[in-house]
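The structure file target-v6.txt is reproduced below (compact mmCIF, C-alpha atoms).
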```txt
# COMPACT_ATOMS: atom_id res chain seq x y z
CA MET A 1 0.00 0.00 0.00
CA PRO A 2 1.50 3.39 -0.92
CA ASP A 3 2.32 5.86 1.81
CA ALA A 4 -0.28 8.52 2.50
CA PRO A 5 0.73 12.00 1.35
CA ASP A 6 1.97 14.39 4.00
CA VAL A 7 -0.93 16.16 5.64
CA PRO A 8 -0.12 19.44 7.37
CA ASP A 9 -0.68 19.79 11.09
CA VAL A 10 -3.22 22.39 12.18
CA ALA A 11 -3.05 24.49 15.35
CA VAL A 12 -5.11 27.28 16.87
CA VAL A 13 -2.56 30.03 17.55
CA ALA A 14 -4.81 32.88 18.72
CA PHE A 15 -8.25 33.24 20.26
CA GLY A 16 -10.54 36.10 21.19
CA GLN A 17 -13.97 36.46 22.72
CA SER A 18 -16.39 39.29 23.29
CA GLU A 19 -18.41 39.92 26.40
CA HIS A 20 -21.63 37.94 26.40
CA ARG A 21 -24.60 40.23 26.78
CA ALA A 22 -28.29 39.55 27.10
CA ASN A 23 -29.07 42.29 24.59
CA THR A 24 -26.91 43.74 21.82
CA ALA A 25 -29.56 45.89 20.13
CA ASP A 26 -27.24 48.90 20.43
CA LEU A 27 -24.44 47.22 18.43
CA SER A 28 -24.19 46.24 14.78
CA GLU A 29 -22.50 43.01 13.76
CA VAL A 30 -19.42 45.01 12.73
CA GLU A 31 -19.25 46.77 16.10
CA MET A 32 -19.45 43.41 17.84
CA LEU A 33 -16.72 41.81 15.74
CA LEU A 34 -14.11 44.54 15.17
CA PRO A 35 -12.63 44.60 18.70
CA VAL A 36 -12.43 40.80 18.87
CA LEU A 37 -10.88 40.45 15.42
CA ALA A 38 -8.34 43.19 16.16
CA GLU A 39 -7.38 41.58 19.47
CA THR A 40 -7.08 38.09 17.99
CA LEU A 41 -5.13 39.07 14.87
CA GLY A 42 -2.92 41.30 17.03
CA GLN A 43 -1.86 38.26 19.03
CA VAL A 44 -0.13 36.87 15.94
CA GLY A 45 0.79 40.13 14.20
CA LEU A 46 -1.47 39.65 11.19
CA THR A 47 -4.24 41.58 9.48
CA ALA A 48 -7.35 39.94 8.05
CA GLY A 49 -6.06 40.51 4.52
CA GLU A 50 -2.91 38.52 5.30
CA THR A 51 -4.74 35.25 6.01
CA ASP A 52 -5.30 32.74 3.21
CA PHE A 53 -8.88 31.87 4.11
CA THR A 54 -11.65 33.43 6.20
CA CYS A 55 -14.69 31.50 7.38
CA SER A 56 -17.56 32.79 9.48
CA GLY A 57 -20.40 31.04 11.22
CA SER A 58 -23.65 32.69 12.25
CA SER A 59 -27.38 32.25 12.05
CA ASP A 60 -29.29 34.64 9.83
CA TYR A 61 -32.41 32.96 11.15
CA LEU A 62 -31.68 34.16 14.69
CA ALA A 63 -30.70 37.61 13.49
CA GLY A 64 -34.05 37.90 11.76
CA ARG A 65 -32.69 39.06 8.41
CA ALA A 66 -31.38 37.33 5.34
CA PHE A 67 -27.67 37.55 4.53
CA SER A 68 -26.86 39.41 7.76
CA PHE A 69 -23.41 37.82 7.63
CA THR A 70 -22.48 40.10 4.73
CA MET A 71 -22.70 43.08 7.09
CA ALA A 72 -20.36 41.33 9.51
CA LEU A 73 -17.90 40.76 6.68
CA ASP A 74 -17.39 44.53 6.58
CA GLY A 75 -15.60 44.08 9.92
CA VAL A 76 -13.05 41.81 8.26
CA GLY A 77 -12.55 44.08 5.28
CA ALA A 78 -13.77 43.64 1.75
CA TRP A 79 -10.65 45.01 0.07
CA PRO A 80 -8.38 43.61 -1.13
CA PRO A 81 -10.60 40.65 -2.10
CA ILE A 82 -10.22 37.63 0.18
CA SER A 83 -10.99 33.93 -0.01
CA GLU A 84 -14.07 33.77 2.21
CA SER A 85 -16.87 31.42 3.17
CA HIS A 86 -19.86 31.50 5.52
CA VAL A 87 -21.69 28.63 7.14
CA GLU A 88 -25.23 29.01 8.42
CA MET A 89 -24.79 27.54 11.85
CA ASP A 90 -22.06 28.09 14.39
CA GLY A 91 -18.35 28.56 14.97
CA ALA A 92 -17.64 24.84 15.22
CA TRP A 93 -18.89 24.33 11.68
CA ALA A 94 -16.85 27.29 10.43
CA LEU A 95 -13.76 25.94 12.22
CA TYR A 96 -14.29 22.57 10.53
CA GLU A 97 -14.44 24.14 7.07
CA ALA A 98 -11.22 26.06 7.75
CA TRP A 99 -9.59 22.89 9.14
CA VAL A 100 -10.40 21.06 5.89
CA LYS A 101 -8.86 23.90 3.83
CA LEU A 102 -5.73 23.81 5.97
CA ARG A 103 -5.40 20.00 5.99
CA THR A 104 -5.80 19.78 2.21
CA GLY A 105 -3.13 22.43 1.69
CA GLU A 106 -5.50 24.92 0.06
CA ALA A 107 -4.55 27.45 2.75
CA GLU A 108 -1.72 27.94 5.23
CA THR A 109 -3.51 30.37 7.52
CA ALA A 110 -7.17 30.89 8.31
CA LEU A 111 -9.29 33.35 10.23
CA VAL A 112 -12.42 31.80 11.75
CA TYR A 113 -15.04 33.81 13.58
CA SER A 114 -18.59 33.33 14.66
CA TYR A 115 -21.20 35.43 16.35
CA GLY A 116 -24.79 35.39 17.40
CA LYS A 117 -27.09 38.36 17.45
CA SER A 118 -30.60 37.42 18.38
CA SER A 119 -31.62 40.64 20.11
CA PRO A 120 -33.50 42.18 17.13
CA GLY A 121 -36.31 39.75 17.95
CA HIS A 122 -37.74 38.23 21.11
CA LEU A 123 -35.56 35.11 21.43
CA ARG A 124 -38.18 32.96 23.13
CA ASP A 125 -40.51 33.51 20.18
CA VAL A 126 -37.89 33.44 17.41
CA LEU A 127 -36.58 30.01 18.42
CA THR A 128 -40.02 28.47 18.17
CA ARG A 129 -40.27 29.31 14.46
CA GLN A 130 -38.12 26.24 13.79
CA LEU A 131 -40.88 23.94 15.03
CA ASP A 132 -43.21 21.91 12.89
CA PRO A 133 -45.42 24.54 11.19
CA TYR A 134 -48.65 22.52 11.32
CA TYR A 135 -48.86 20.98 14.79
CA LEU A 136 -46.44 22.70 17.18
CA ALA A 137 -45.78 26.22 15.90
CA PRO A 138 -49.46 27.30 16.03
CA LEU A 139 -49.41 26.57 19.77
CA TRP A 140 -46.66 29.24 20.21
CA PRO A 141 -44.74 27.49 22.95
CA ASP A 142 -41.68 29.52 23.92
CA SER A 143 -38.19 28.02 23.98
CA VAL A 144 -38.00 27.96 27.79
CA SER A 145 -41.27 26.02 28.01
CA LEU A 146 -39.99 23.56 25.40
CA ALA A 147 -36.76 23.07 27.37
CA ALA A 148 -38.84 22.42 30.51
CA LEU A 149 -40.90 19.83 28.63
CA GLN A 150 -37.71 18.14 27.42
CA ALA A 151 -36.28 18.08 30.93
CA GLN A 152 -39.52 16.65 32.31
CA ALA A 153 -39.52 13.95 29.62
CA LEU A 154 -35.98 12.93 30.67
CA ILE A 155 -37.04 12.85 34.32
CA ASP A 156 -40.17 10.83 33.52
CA ALA A 157 -38.08 8.34 31.50
CA GLY A 158 -35.76 7.87 34.49
CA HIS A 159 -32.67 9.23 32.73
CA THR A 160 -32.08 12.04 35.24
CA ASP A 161 -33.65 13.91 38.13
CA GLU A 162 -34.04 17.54 39.23
CA ARG A 163 -30.99 17.41 41.48
CA ALA A 164 -28.74 16.17 38.65
CA LEU A 165 -29.98 18.91 36.31
CA ALA A 166 -29.44 21.55 39.01
CA ALA A 167 -25.90 20.21 39.53
CA ILE A 168 -25.17 20.75 35.82
CA ALA A 169 -26.33 24.37 36.04
CA ALA A 170 -24.26 24.92 39.20
CA ARG A 171 -21.17 23.38 37.56
CA ASP A 172 -21.50 25.59 34.48
CA ARG A 173 -21.92 28.76 36.53
CA THR A 174 -18.88 27.84 38.61
CA SER A 175 -16.86 27.24 35.43
CA ALA A 176 -17.91 30.70 34.20
CA GLU A 177 -16.31 32.39 37.23
CA GLU A 178 -12.96 32.37 35.42
CA ASN A 179 -14.43 33.82 32.22
CA PRO A 180 -14.65 37.63 32.38
CA HIS A 181 -16.86 37.59 29.28
CA ALA A 182 -19.59 35.33 30.69
CA GLN A 183 -23.07 36.74 31.01
CA LEU A 184 -23.90 34.65 34.09
CA ARG A 185 -21.16 33.60 36.45
CA GLY A 186 -20.70 32.78 40.07
CA SER A 187 -21.25 29.59 41.93
CA ALA A 188 -24.75 28.69 42.90
CA PRO A 189 -25.35 25.56 44.97
CA PRO A 190 -27.75 23.07 43.36
CA GLU A 191 -30.13 23.50 46.31
CA ARG A 192 -30.49 27.20 45.52
CA LEU A 193 -31.10 26.46 41.85
CA LEU A 194 -33.77 23.93 42.79
CA ASP A 195 -35.57 26.62 44.80
CA ALA A 196 -35.44 29.18 41.99
```
Would you kindly transcribe this structure into structure tokens?
Amino acid sequence: MPDAPDVPDVAVVAFGQSEHRANTADLSEVEMLLPVLAETLGQVGLTAGETDFTCSGSSDYLAGRAFSFTMALDGVGAWPPISESHVEMDGAWALYEAWVKLRTGEAETALVYSYGKSSPGHLRDVLTRQLDPYYLAPLWPDSVSLAALQAQALIDAGHTDERALAAIAARDRTSAEENPHAQLRGSAPPERLLDA
């Protein structure tokens, strides 16, 4: 069997994150992204135009407008022309596309970014628009109620209990203590979360 061709190693060499906020109605996509992109590219001494490939991940559905990612691309810079792609989902999917480009040798450097801006609409209502349009959507359940129904179904099936679910929430809030960008942070004992 012939040897496999050399496949380049891939590494994440810089990372940036914005502050998570409950509402970003006062910021455009560009205003959200520019500081994070500048900080991240500054860590490696590059500009966006110096990377071989740029991939973004976001949800136009959540933003409530078609092709909202094109506005965000203004934060990267449209000139000189760049090799760019967008995936309609999240940062993990965008990272995967960039990883493929790097592993196949089509690019040596990549800039990957993702963002979510759901504040133009009421998130609890917007998320329900992805439900079945004939049976579930006309009932207008909000996303929090649907999550509660899912949790109750897991409890009823014997896969978990309220204390275990509260422990997950407590663990995540404790983990967020070290993240200055987290929207909710600070330890909360499971007993307190059960009483909430």
Could you check which of A:Ala107, A:Ala66, A:Val7, A:Leu34 is closest to Asp52 (chain A), using only C-alpha atoms?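 For Asp52 (chain A), the nearest of the given residues is A:Ala107.
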Find, counting all atoms listed in the file, the residue in A:Leu102, A:Val30, A:Ala153, A:Leu37 that gets nearest to Gln17 (chain A). A:Leu37
Shortest interatomic distance to Gly64 (chain A) - which of A:Ser145, A:Thr40, A:Thr174, A:Ser118, counting only C-alpha atoms: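 Closest residue, counting only C-alpha atoms: A:Ser118.
Comparing A:Gly91, A:Gly16, A:Pro138, A:Pro8 by their smallest distance to Arg103 (chain A), the closest is A:Pro8 (using all atoms listed in the file).
We find CA of Gly49 (chain A) and CA of Asp26 (chain A) to be spaced 27.8 Å apart.
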